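Participant: Got a structure for you, coords-v4.csv, holding CSV, C-alpha atoms.
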chain,number,residue,atom,x,y,z
A,1,MET,CA,0.5,-57.0,41.6
A,2,ASN,CA,-0.5,-57.8,38.1
A,3,LYS,CA,1.5,-60.3,36.1
A,4,PRO,CA,3.4,-58.9,33.1
A,5,ILE,CA,1.1,-58.5,30.1
A,6,ARG,CA,1.2,-61.7,28.0
A,7,ASN,CA,1.7,-61.7,24.3
A,8,ARG,CA,-1.5,-63.3,22.9
A,9,ALA,CA,-2.4,-64.4,19.4
A,10,LEU,CA,-4.8,-62.1,17.8
A,11,THR,CA,-7.3,-62.8,15.1
A,12,GLY,CA,-8.1,-60.5,12.1
A,13,THR,CA,-6.1,-59.2,9.2
A,14,ALA,CA,-2.4,-59.3,9.0
A,15,LEU,CA,-2.3,-55.6,9.1
A,16,ALA,CA,-4.2,-55.5,12.4
A,17,LEU,CA,-1.8,-58.2,13.8
A,18,ALA,CA,1.2,-56.1,12.9
A,19,ALA,CA,-0.2,-53.0,14.4
A,20,SER,CA,-1.8,-54.3,17.6
A,21,ALA,CA,1.4,-54.0,19.7
A,22,VAL,CA,1.7,-50.3,19.4
A,23,LEU,CA,-1.5,-48.7,20.7
A,24,SER,CA,-2.5,-48.2,24.3
A,25,ALA,CA,-5.3,-49.9,26.3
A,26,CYS,CA,-7.8,-48.4,28.7
A,27,GLY,CA,-9.2,-51.7,30.0
A,28,GLY,CA,-6.5,-52.8,32.4
A,29,GLU,CA,-3.9,-53.8,29.8
A,30,ASP,CA,-1.4,-51.6,27.9
A,31,THR,CA,-1.7,-51.0,24.1
A,32,PRO,CA,-3.8,-49.9,20.6
A,33,SER,CA,-3.0,-49.6,16.8
A,34,SER,CA,-4.0,-48.7,13.2
A,35,ASP,CA,-2.9,-47.4,9.8
A,36,THR,CA,-3.1,-43.6,9.5
A,37,LYS,CA,-4.0,-43.8,5.8
A,38,ALA,CA,-7.8,-43.4,5.6
A,39,LYS,CA,-10.3,-42.6,3.0
A,40,ALA,CA,-14.1,-42.8,2.6
A,41,ALA,CA,-15.3,-46.1,1.3
A,42,PRO,CA,-16.3,-45.9,-2.4
A,43,HIS,CA,-20.0,-45.6,-3.3
A,44,THR,CA,-20.8,-44.4,0.2
A,45,LYS,CA,-22.8,-41.2,0.0
A,46,ALA,CA,-22.7,-38.9,3.0
A,47,VAL,CA,-26.1,-37.8,4.5
A,48,ALA,CA,-27.0,-35.4,7.2
A,49,VAL,CA,-26.0,-36.6,10.7
A,50,LYS,CA,-27.7,-35.6,13.9
A,51,ASP,CA,-25.7,-36.2,17.2
A,52,PRO,CA,-23.5,-38.8,15.5
A,53,VAL,CA,-22.4,-42.0,17.0
A,54,VAL,CA,-19.2,-43.7,15.7
A,55,ALA,CA,-18.2,-47.4,15.8
A,56,THR,CA,-15.1,-49.1,14.7
A,57,PHE,CA,-14.9,-52.3,12.7
A,58,ASP,CA,-12.0,-54.4,11.4
A,59,GLY,CA,-10.9,-52.0,8.6
A,60,GLY,CA,-12.6,-48.7,9.4
A,61,LEU,CA,-15.2,-46.6,11.1
A,62,TYR,CA,-19.0,-46.3,10.8
A,63,VAL,CA,-20.6,-42.9,11.4
A,64,LEU,CA,-24.3,-43.2,12.3
A,65,ASP,CA,-27.1,-40.8,13.0
A,66,GLY,CA,-27.5,-40.7,16.8
A,67,GLU,CA,-31.3,-40.7,16.6
A,68,SER,CA,-32.2,-43.1,13.8
A,69,LEU,CA,-28.9,-45.1,13.9
A,70,LYS,CA,-28.9,-44.9,10.1
A,71,LEU,CA,-25.5,-45.5,8.7
A,72,ALA,CA,-24.3,-42.2,7.2
A,73,LYS,CA,-20.7,-42.9,6.2
A,74,THR,CA,-18.1,-45.7,6.1
A,75,ILE,CA,-14.6,-44.5,6.4
A,76,GLU,CA,-11.7,-46.9,5.7
A,77,LEU,CA,-9.0,-47.0,8.4
A,78,PRO,CA,-7.1,-50.3,8.6
A,79,GLY,CA,-5.9,-51.7,11.9
A,80,PHE,CA,-7.2,-51.6,15.4
A,81,ASN,CA,-8.5,-48.2,16.2
A,82,ARG,CA,-9.9,-46.7,19.4
A,83,LEU,CA,-12.6,-44.0,20.0
A,84,ASN,CA,-13.3,-41.3,22.6
A,85,PRO,CA,-15.5,-38.3,22.6
A,86,ALA,CA,-13.5,-35.1,21.8
A,87,GLY,CA,-15.7,-33.0,24.1
A,88,ASP,CA,-17.8,-31.0,21.7
A,89,ASP,CA,-20.9,-31.6,19.5
A,90,SER,CA,-19.0,-32.4,16.3
A,91,HIS,CA,-15.8,-34.4,16.9
A,92,VAL,CA,-14.5,-37.7,18.1
A,93,MET,CA,-10.9,-38.6,18.9
A,94,VAL,CA,-9.5,-41.7,17.0
A,95,SER,CA,-6.4,-43.4,18.4
A,96,THR,CA,-4.2,-45.0,15.7
A,97,ASP,CA,-0.8,-46.5,15.7
A,98,ALA,CA,0.7,-43.1,14.8
A,99,GLY,CA,-1.2,-41.1,17.5
A,100,PHE,CA,-4.5,-39.3,18.0
A,101,ARG,CA,-6.5,-38.1,15.0
A,102,VAL,CA,-9.6,-35.9,15.0
A,103,LEU,CA,-12.7,-37.1,13.2
A,104,ASN,CA,-15.3,-34.5,12.3
A,105,ALA,CA,-18.3,-36.8,12.9
A,106,THR,CA,-20.9,-34.4,11.8
A,107,GLU,CA,-19.2,-33.8,8.5
A,108,GLN,CA,-18.1,-37.5,8.4
A,109,THR,CA,-14.4,-36.7,7.6
A,110,LEU,CA,-11.1,-37.4,9.2
A,111,THR,CA,-9.4,-34.0,9.6
A,112,SER,CA,-5.8,-33.1,9.3
A,113,VAL,CA,-5.6,-32.4,13.0
A,114,ALA,CA,-3.3,-35.0,14.7
A,115,TYR,CA,-1.3,-35.4,17.9
A,116,LYS,CA,1.5,-37.8,16.8
A,117,GLY,CA,3.1,-40.2,19.2
A,118,ALA,CA,3.4,-43.9,19.9
A,119,LYS,CA,0.7,-45.6,22.0
A,120,PRO,CA,-2.0,-43.0,22.3
A,121,GLY,CA,-3.8,-43.7,25.5
A,122,HIS,CA,-6.5,-42.1,27.7
A,123,VAL,CA,-8.7,-39.2,26.6
A,124,VAL,CA,-10.4,-37.2,29.3
A,125,GLN,CA,-13.0,-34.4,29.1
A,126,HIS,CA,-13.6,-32.2,32.2
A,127,ALA,CA,-14.4,-28.6,32.9
A,128,GLY,CA,-14.4,-27.6,29.2
A,129,ARG,CA,-11.0,-29.1,28.6
A,130,THR,CA,-9.9,-32.2,26.7
A,131,VAL,CA,-6.7,-34.0,27.9
A,132,LEU,CA,-4.8,-36.5,25.8
A,133,PHE,CA,-2.1,-38.8,27.3
A,134,THR,CA,0.4,-40.4,24.9
A,135,ASP,CA,1.8,-43.5,26.6
A,136,GLY,CA,4.8,-43.9,24.4
A,137,THR,CA,6.2,-40.4,25.1
A,138,GLY,CA,4.5,-39.5,28.4
A,139,GLU,CA,3.2,-36.3,26.7
A,140,VAL,CA,0.1,-34.6,27.9
A,141,ASN,CA,-1.9,-32.3,25.6
A,142,VAL,CA,-4.7,-30.0,27.0
A,143,PHE,CA,-7.0,-28.0,24.7
A,144,ASP,CA,-10.4,-26.4,24.5
A,145,PRO,CA,-12.5,-28.8,22.3
A,146,ALA,CA,-14.4,-25.7,20.9
A,147,ASP,CA,-11.2,-24.8,19.1
A,148,LEU,CA,-11.5,-27.9,16.9
A,149,LYS,CA,-14.2,-26.2,14.9
A,150,GLY,CA,-11.7,-24.2,13.0
A,151,GLY,CA,-10.1,-27.3,11.4
A,152,LYS,CA,-6.7,-26.4,12.8
A,153,LYS,CA,-4.8,-27.9,15.7
A,154,PRO,CA,-5.9,-26.0,18.9
A,155,GLU,CA,-3.3,-24.1,20.9
A,156,GLY,CA,-3.1,-25.6,24.4
A,157,ARG,CA,-1.1,-26.6,27.3
A,158,THR,CA,1.5,-29.4,27.2
A,159,TYR,CA,3.4,-31.4,29.8
A,160,THR,CA,5.8,-34.3,29.5
A,161,SER,CA,5.9,-36.9,32.2
A,162,ALA,CA,9.3,-37.8,33.7
A,163,GLU,CA,9.0,-41.2,32.1
A,164,PRO,CA,6.7,-42.7,29.5
A,165,HIS,CA,4.0,-45.0,30.9
A,166,HIS,CA,0.4,-46.0,30.5
A,167,GLY,CA,-1.0,-43.0,32.2
A,168,VAL,CA,-3.8,-40.5,32.4
A,169,ALA,CA,-4.3,-36.8,33.2
A,170,ILE,CA,-7.1,-34.4,33.9
A,171,GLU,CA,-7.1,-30.5,34.2
A,172,LEU,CA,-9.3,-29.0,37.0
A,173,THR,CA,-11.3,-25.8,36.9
A,174,ASN,CA,-8.6,-23.9,38.8
A,175,GLY,CA,-6.0,-24.9,36.2
A,176,GLU,CA,-4.3,-27.6,38.3
A,177,LEU,CA,-3.2,-30.7,36.3
A,178,LEU,CA,-3.5,-34.1,37.9
A,179,THR,CA,-1.4,-36.7,36.1
A,180,THR,CA,-0.1,-40.2,36.9
A,181,LEU,CA,3.4,-41.2,38.0
A,182,GLY,CA,5.2,-44.3,36.6
A,183,THR,CA,7.5,-46.0,34.2
A,184,GLU,CA,6.9,-48.6,31.6
A,185,GLU,CA,7.5,-51.2,34.2
A,186,LYS,CA,5.8,-49.8,37.3
A,187,ARG,CA,3.1,-47.2,38.1
A,188,THR,CA,2.9,-45.8,41.6
A,189,GLY,CA,0.6,-42.8,42.0
A,190,ALA,CA,-0.1,-39.3,40.9
A,191,LEU,CA,1.1,-35.7,41.1
A,192,VAL,CA,-0.6,-32.3,40.8
A,193,LEU,CA,0.9,-29.4,38.9
A,194,ASP,CA,-0.1,-25.7,39.1
A,195,LYS,CA,-0.9,-23.6,36.1
A,196,ASN,CA,2.8,-23.2,35.3
A,197,ASN,CA,3.4,-27.0,35.5
A,198,LYS,CA,5.1,-26.7,38.8
A,199,GLU,CA,4.6,-29.7,41.1
A,200,ILE,CA,2.5,-28.8,44.2
A,201,LYS,CA,1.2,-32.2,45.4
A,202,ARG,CA,2.2,-35.9,45.1
A,203,ASN,CA,1.0,-39.2,46.3
A,204,GLU,CA,2.7,-42.5,45.6
A,205,ASN,CA,0.3,-44.8,47.5
A,206,CYS,CA,-1.5,-46.1,44.4
A,207,PRO,CA,0.2,-49.1,43.0
A,208,GLY,CA,-0.7,-49.9,39.4
A,209,VAL,CA,-2.6,-46.6,39.0
A,210,HIS,CA,-5.0,-46.8,36.1
A,211,GLY,CA,-7.9,-44.7,34.9
A,212,GLU,CA,-9.8,-41.7,36.3
A,213,ALA,CA,-13.2,-40.3,36.9
A,214,ALA,CA,-14.7,-37.0,38.2
A,215,ALA,CA,-17.5,-36.9,40.8
A,216,LYS,CA,-19.7,-34.1,42.1
A,217,ASP,CA,-17.8,-31.1,43.5
A,218,GLU,CA,-14.8,-32.0,41.3
A,219,ALA,CA,-13.6,-35.0,43.4
A,220,ILE,CA,-11.2,-36.9,41.2
A,221,GLY,CA,-10.7,-40.6,41.6
A,222,ILE,CA,-7.9,-42.6,40.1
A,223,GLY,CA,-7.8,-46.4,40.3
A,224,CYS,CA,-5.2,-48.5,42.2
A,225,GLU,CA,-4.6,-52.2,42.7
A,226,ASP,CA,-5.6,-51.9,46.3
A,227,GLY,CA,-8.4,-49.4,46.1
A,228,LEU,CA,-8.8,-45.8,44.9
A,229,LEU,CA,-7.1,-42.5,45.4
A,230,ILE,CA,-9.3,-39.4,45.7
A,231,TYR,CA,-8.0,-35.8,45.0
A,232,LYS,CA,-10.4,-33.1,46.3
A,233,ASP,CA,-9.9,-29.6,47.6
A,234,GLY,CA,-6.1,-29.8,47.3
A,235,LYS,CA,-5.8,-33.1,49.3
A,236,PHE,CA,-5.3,-36.8,48.5
A,237,THR,CA,-7.3,-39.4,50.3
A,238,LYS,CA,-6.7,-43.2,49.9
A,239,VAL,CA,-9.8,-45.5,49.9
A,240,ASP,CA,-8.5,-49.0,50.7
A,241,ALA,CA,-10.1,-52.0,49.1
A,242,PRO,CA,-11.4,-54.7,51.4
A,243,ASP,CA,-9.0,-57.2,49.8
A,244,ASP,CA,-5.2,-57.0,49.7
A,245,TYR,CA,-5.5,-57.0,46.0
A,246,GLY,CA,-8.6,-55.2,45.0
A,247,ARG,CA,-8.0,-53.6,41.6
A,248,ILE,CA,-10.3,-50.7,40.5
A,249,GLY,CA,-8.8,-50.0,37.0
A,250,ASN,CA,-11.8,-48.5,35.3
A,251,GLN,CA,-14.1,-45.9,36.7
A,252,ARG,CA,-17.1,-43.7,35.7
A,253,GLY,CA,-18.2,-40.5,37.3
A,254,SER,CA,-21.2,-38.1,37.3
A,255,ASP,CA,-21.3,-34.4,38.0
A,256,THR,CA,-24.6,-35.1,39.9
A,257,SER,CA,-23.3,-37.8,42.2
A,258,PRO,CA,-20.5,-37.9,44.8
A,259,ILE,CA,-20.2,-41.6,44.2
A,260,LEU,CA,-17.9,-43.2,41.6
A,261,LEU,CA,-18.6,-46.4,39.8
A,262,GLY,CA,-15.7,-48.8,39.3
A,263,ASP,CA,-14.9,-52.3,38.4
A,264,TYR,CA,-13.4,-54.7,41.0
A,265,LYS,CA,-10.9,-57.5,40.5
A,266,THR,CA,-9.2,-59.6,43.2
A,267,ASP,CA,-7.1,-62.2,41.3
A,268,PRO,CA,-3.7,-60.8,40.3
A,269,GLU,CA,-2.7,-64.2,38.7
A,270,ALA,CA,-5.8,-64.5,36.4
A,271,GLU,CA,-5.2,-64.5,32.7
A,272,LEU,CA,-8.6,-62.9,32.5
A,273,GLU,CA,-10.7,-62.3,35.6
A,274,ARG,CA,-14.4,-62.1,34.9
A,275,PRO,CA,-15.7,-60.3,38.0
A,276,THR,CA,-19.3,-60.2,39.1
A,277,ARG,CA,-18.9,-57.4,41.6
A,278,VAL,CA,-18.6,-53.6,40.9
A,279,SER,CA,-17.4,-50.9,43.3
A,280,LEU,CA,-19.2,-47.8,44.5
A,281,ILE,CA,-16.8,-45.2,46.0
A,282,ASN,CA,-18.2,-42.3,48.0
A,283,THR,CA,-15.9,-39.4,47.5
A,284,GLU,CA,-17.4,-37.5,50.4
A,285,THR,CA,-17.0,-40.2,53.1
A,286,ALA,CA,-14.1,-42.2,51.5
A,287,LYS,CA,-16.2,-45.4,51.9
A,288,LEU,CA,-16.3,-48.2,49.4
A,289,ARG,CA,-19.2,-50.5,48.7
A,290,LEU,CA,-19.2,-53.7,46.6
A,291,VAL,CA,-22.3,-54.8,44.7
A,292,ASP,CA,-22.6,-58.3,43.3
A,293,LEU,CA,-24.5,-58.3,40.0
A,294,GLY,CA,-24.6,-62.1,39.7
A,295,THR,CA,-23.2,-61.7,36.2
A,296,SER,CA,-19.8,-60.7,34.8
A,297,TYR,CA,-19.0,-57.7,32.7
A,298,SER,CA,-16.0,-56.1,30.8
A,299,PHE,CA,-14.1,-52.9,30.9
A,300,ARG,CA,-16.4,-51.6,28.2
A,301,SER,CA,-19.5,-52.2,30.3
A,302,LEU,CA,-19.5,-49.2,32.6
A,303,GLY,CA,-21.5,-46.0,32.3
A,304,ARG,CA,-23.5,-43.3,34.1
A,305,GLY,CA,-27.0,-42.1,33.5
A,306,PRO,CA,-28.3,-38.5,33.3
A,307,ARG,CA,-29.3,-38.6,37.0
A,308,GLY,CA,-26.2,-40.3,38.2
A,309,GLU,CA,-27.4,-43.8,37.8
A,310,ALA,CA,-24.6,-46.4,37.8
A,311,LEU,CA,-24.9,-48.5,34.6
A,312,VAL,CA,-23.3,-51.9,34.0
A,313,LEU,CA,-23.8,-54.0,30.9
A,314,GLY,CA,-23.6,-57.7,32.1
A,315,THR,CA,-22.7,-60.8,30.2
A,316,ASN,CA,-26.3,-62.0,30.8
A,317,GLY,CA,-27.2,-59.5,28.2
A,318,SER,CA,-28.9,-57.0,30.5
A,319,LEU,CA,-28.2,-53.4,31.3
A,320,HIS,CA,-28.1,-53.1,35.2
A,321,VAL,CA,-29.3,-49.8,36.5
A,322,ILE,CA,-27.9,-49.2,40.1
A,323,ASP,CA,-28.8,-46.6,42.6
A,324,PRO,CA,-25.3,-45.4,43.7
A,325,GLU,CA,-26.6,-44.2,47.1
A,326,THR,CA,-28.0,-47.6,48.2
A,327,GLY,CA,-26.2,-50.0,45.9
A,328,LYS,CA,-29.6,-51.5,44.9
A,329,VAL,CA,-30.1,-52.7,41.3
A,330,ASP,CA,-33.3,-50.8,40.5
A,331,LYS,CA,-33.8,-52.6,37.2
A,332,GLU,CA,-32.3,-54.9,34.6
A,333,ILE,CA,-33.0,-54.0,31.0
A,334,PRO,CA,-32.6,-56.9,28.5
A,335,VAL,CA,-30.7,-55.6,25.5
A,336,VAL,CA,-28.5,-58.3,23.8
A,337,ASP,CA,-28.0,-62.0,23.9
A,338,GLU,CA,-25.8,-63.6,26.6
A,339,TRP,CA,-22.1,-63.2,25.8
A,340,GLN,CA,-18.6,-63.9,27.2
A,341,GLU,CA,-15.7,-61.6,27.4
A,342,PRO,CA,-12.9,-62.7,25.0
A,343,LEU,CA,-9.4,-63.4,26.4
A,344,ASP,CA,-7.9,-60.9,24.0
A,345,TRP,CA,-9.0,-57.4,25.1
A,346,GLN,CA,-8.9,-56.1,21.5
A,347,GLN,CA,-11.5,-58.5,20.3
A,348,PRO,CA,-15.1,-57.3,20.0
A,349,ARG,CA,-17.6,-57.7,22.7
A,350,PRO,CA,-20.9,-55.9,23.5
A,351,THR,CA,-20.0,-52.3,24.4
A,352,LEU,CA,-21.8,-49.5,26.2
A,353,PHE,CA,-21.8,-45.8,25.3
A,354,VAL,CA,-24.1,-43.5,27.2
A,355,ARG,CA,-25.2,-40.0,26.1
A,356,ASP,CA,-27.9,-38.1,28.0
A,357,ASP,CA,-30.9,-40.4,28.4
A,358,THR,CA,-29.8,-42.9,25.8
A,359,ALA,CA,-27.6,-46.0,26.3
A,360,TYR,CA,-26.1,-47.3,23.0
A,361,VAL,CA,-25.2,-50.9,23.1
A,362,SER,CA,-23.4,-52.9,20.4
A,363,GLU,CA,-23.9,-56.5,19.6
A,364,PRO,CA,-21.0,-57.6,17.4
A,365,GLY,CA,-22.1,-61.2,17.0
A,366,LYS,CA,-25.3,-60.0,15.3
A,367,ARG,CA,-23.7,-57.0,13.6
A,368,GLN,CA,-26.3,-54.9,15.5
A,369,LEU,CA,-26.4,-51.6,17.4
A,370,HIS,CA,-29.2,-50.7,19.8
A,371,ALA,CA,-30.4,-47.5,21.4
A,372,VAL,CA,-32.1,-47.9,24.8
A,373,ASP,CA,-34.1,-45.2,26.7
A,374,ILE,CA,-32.6,-45.4,30.3
A,375,GLU,CA,-35.7,-44.1,32.0
A,376,SER,CA,-38.3,-46.3,30.4
A,377,GLY,CA,-36.0,-49.2,29.9
A,378,LYS,CA,-37.3,-49.6,26.3
A,379,LYS,CA,-35.2,-50.4,23.3
A,380,VAL,CA,-35.9,-47.4,21.0
A,381,THR,CA,-34.0,-48.3,17.9
A,382,SER,CA,-31.9,-51.1,16.5
A,383,VAL,CA,-29.8,-51.3,13.3
A,384,THR,CA,-27.9,-54.1,11.5
A,385,LEU,CA,-24.5,-53.0,10.1
A,386,PRO,CA,-22.4,-54.5,7.3
A,387,LYS,CA,-19.8,-55.8,9.8
A,388,GLY,CA,-19.7,-56.4,13.6
A,389,THR,CA,-18.4,-53.5,15.5
A,390,ASN,CA,-15.8,-53.1,18.3
A,391,GLU,CA,-15.2,-49.7,19.9
A,392,LEU,CA,-18.2,-47.3,20.3
A,393,ALA,CA,-18.3,-43.5,21.1
A,394,GLY,CA,-20.0,-40.3,19.9
A,395,VAL,CA,-20.0,-36.6,20.1
A,396,VAL,CA,-20.5,-35.3,23.7
A,397,ALA,CA,-20.7,-31.6,24.3
A,398,GLY,CA,-20.3,-29.8,27.6
A,399,HIS,CA,-18.4,-32.5,29.6
Can you dump the structure from the file as structure tokens?
Facilitator:
Amino acid sequence: MNKPIRNRALTGTALALAASAVLSACGGEDTPSSDTKAKAAPHTKAVAVKDPVVATFDGGLYVLDGESLKLAKTIELPGFNRLNPAGDDSHVMVSTDAGFRVLNATEQTLTSVAYKGAKPGHVVQHAGRTVLFTDGTGEVNVFDPADLKGGKKPEGRTYTSAEPHHGVAIELTNGELLTTLGTEEKRTGALVLDKNNKEIKRNENCPGVHGEAAAKDEAIGIGCEDGLLIYKDGKFTKVDAPDDYGRIGNQRGSDTSPILLGDYKTDPEAELERPTRVSLINTETAKLRLVDLGTSYSFRSLGRGPRGEALVLGTNGSLHVIDPETGKVDKEIPVVDEWQEPLDWQQPRPTLFVRDDTAYVSEPGKRQLHAVDIESGKKVTSVTLPKGTNELAGVVAGH
């Protein structure tokens, strides 16, 4: 089992220090934070934005044109903020210390739409629905991201977990809601609810449950400290790790592939394990394969390409493109300088965000952001920003 999360000294502004204890992490630790008072930076003129990309920095958000990477708007938002696609072509979810807020990235404005609650955690898009999990309350909110266009809070489904915990939830096409089981001290597995929020399935054979991903034919994987739990066609299947402790806490899926990409850690006593192996889990055969990249990576290093390619940004500075069927690394694309994952998970490090054929990679040490064409392996565009960035996301429709 993991050791209790340590309190570690953080760098940055005093405000960020004060806020950092109250937001929720998606990288294997529990947490986020930020001040909800936000305004556009003075003297920043908004310009037209195409397929916007959004990045956080210490003190706010950058909104960039997704094609040119031109900085369109700087929005002040103190504290440590987190980003996730909202599920449509205009909006991004921003996690703050007070809850989830909705950013209209195309119009470059923070809207009044908010889902209040301590420790906003995972955001999941699947089958035309976006699902928010608030760790501090255990509340789950489900809505159609298309309804964000009206500028009002969408009507949607709600569910409150039996106990608050660092969790995640996903709604399936048939209306079933899969959500995690746990308390603030211990997480054990998942349950499935019908359309009326009545429990119909349960599995508690997933210690330390964390994260989710959807594969082809709506096979849902959730990570465990000893493998992965698959929910498909109304049944749970456990995929055991080859090690007694084999934690798969972060996963990425693709609608075109039955194979999930996951991280893989084997040292429960490590202050920070820097693994070199990733996991590939076949949801059709319930088999797990480990691939050694020869370089470490972080929880912000995983992605999937348009044809189901498994993508991993290594600390050697290269984007590794893996064939999920064979586990072979087809190519390594140099993108950034060599880097090392910081001990504090909130501190900046190169981060990967994938949309269609483009991999966006941040390089905080150089204050740069790069766009890479996955098929050709060529760096298409690079930009230098006023400050080094941390979190990275963008608008993603139809997921």
Participant: Pick out the closest residue to Gln251 of chain A from this set: A:Ala169, A:Leu369, A:Leu228, A:Ala127. Count all atoms listed in the file.
Facilitator: A:Leu228
Participant: For Gly377 of chain A, please output as a list in words all residues within 10 Å (counting all atoms listed in the file; exclusion window: fewer than 6 positions along the same chain).
Facilitator: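 The residues that qualify are Leu319, Val321, Lys331, Glu332, Ile333, Pro334, Val335, Thr358 and Ala359 of chain A.
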Participant: To one decimal place, how far is atom CA of Ser257 of chain A from atom CA of Gly308 of chain A in Å?
Facilitator: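 Between these atoms lies a distance of 5.5 Å.
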Participant: Pick out the residues sitting within 10 Å of Thr285 of chain A, and hand them over as a PyMOL selection string; count only C-alpha atoms, and ignore anything fewer than 3 positions along from it in its own chain.
Facilitator: chain A and resi 239+258-259+281-282+288
Participant: With distances taken over all atoms listed in the file, which residue among A:Asp337, A:Glu212, A:Glu171, A:Asp233 lies nearest Asp263 of chain A?
Facilitator: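 For Asp263 of chain A, the nearest of the given residues is A:Glu212.
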Participant: Please, which residues are within 12 Å of (-16.7, -64.1, 28.2) by the file's coordinates, counting all atoms listed in the file, and could they come as a ChimeraX atom specification?
Facilitator: /A:272-276,295-299,314-317,338-345,347-350
Participant: Can you tell me which residues surround Gly227 of chain A at a distance of at most 8 Å, considering only C-alpha atoms, apart from same-chain residues fewer than 5 positions away, and format the answer as a PyMOL selection string?
Facilitator: chain A and resi 206+238-241+246-248
Participant: Point out the residue among A:Gln108, A:Gln368, A:Ser382, A:Ser376 with the least atom-to-atom distance to Glu76 of chain A, counting only C-alpha atoms.
Facilitator: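 Closest candidate: A:Gln108.
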Participant: Could you check the closest approach to Lys119 of chain A for each of A:Phe143, A:Phe57, A:Phe80, A:Phe353 and tell me which residue wins, using only C-alpha atoms?
Facilitator: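 Ranked by minimum distance to Lys119 of chain A, first place goes to A:Phe80.
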Participant: Generate a file for segment 372-384 of chain A, containing N, CA and C atoms, as an mmCIF file, in the first residue's frame.
Facilitator:
data_model
loop_
_atom_site.group_PDB
_atom_site.id
_atom_site.type_symbol
_atom_site.label_atom_id
_atom_site.label_comp_id
_atom_site.auth_asym_id
_atom_site.auth_seq_id
_atom_site.Cartn_x
_atom_site.Cartn_y
_atom_site.Cartn_z
ATOM 1 N N VAL A 372 3.582 19.324 -32.087
ATOM 2 C CA VAL A 372 4.251 18.284 -32.867
ATOM 3 C C VAL A 372 3.229 17.497 -33.673
ATOM 4 N N ASP A 373 3.497 17.300 -34.960
ATOM 5 C CA ASP A 373 2.656 16.447 -35.788
ATOM 6 C C ASP A 373 3.035 14.990 -35.489
ATOM 7 N N ILE A 374 2.077 14.221 -34.964
ATOM 8 C CA ILE A 374 2.383 12.862 -34.519
ATOM 9 C C ILE A 374 2.769 11.960 -35.677
ATOM 10 N N GLU A 375 2.108 12.092 -36.803
ATOM 11 C CA GLU A 375 2.367 11.213 -37.944
ATOM 12 C C GLU A 375 3.762 11.442 -38.528
ATOM 13 N N SER A 376 4.103 12.693 -38.790
ATOM 14 C CA SER A 376 5.397 12.988 -39.416
ATOM 15 C C SER A 376 6.536 13.050 -38.408
ATOM 16 N N GLY A 377 6.191 13.299 -37.145
ATOM 17 C CA GLY A 377 7.219 13.448 -36.126
ATOM 18 C C GLY A 377 7.900 14.794 -36.145
ATOM 19 N N LYS A 378 7.343 15.734 -36.869
ATOM 20 C CA LYS A 378 7.969 17.045 -36.998
ATOM 21 C C LYS A 378 7.365 18.044 -36.019
ATOM 22 N N LYS A 379 8.231 18.908 -35.489
ATOM 23 C CA LYS A 379 7.774 20.000 -34.644
ATOM 24 C C LYS A 379 7.228 21.088 -35.557
ATOM 25 N N VAL A 380 5.928 21.343 -35.454
ATOM 26 C CA VAL A 380 5.253 22.260 -36.366
ATOM 27 C C VAL A 380 5.408 23.714 -35.934
ATOM 28 N N THR A 381 5.190 23.952 -34.640
ATOM 29 C CA THR A 381 5.201 25.317 -34.122
ATOM 30 C C THR A 381 5.774 25.337 -32.715
ATOM 31 N N SER A 382 6.449 26.411 -32.372
ATOM 32 C CA SER A 382 6.912 26.639 -31.006
ATOM 33 C C SER A 382 6.692 28.100 -30.657
ATOM 34 N N VAL A 383 6.452 28.347 -29.372
ATOM 35 C CA VAL A 383 6.247 29.725 -28.920
ATOM 36 C C VAL A 383 6.912 29.883 -27.563
ATOM 37 N N THR A 384 7.422 31.088 -27.303
ATOM 38 C CA THR A 384 7.970 31.413 -25.991
ATOM 39 C C THR A 384 6.992 32.328 -25.276
#
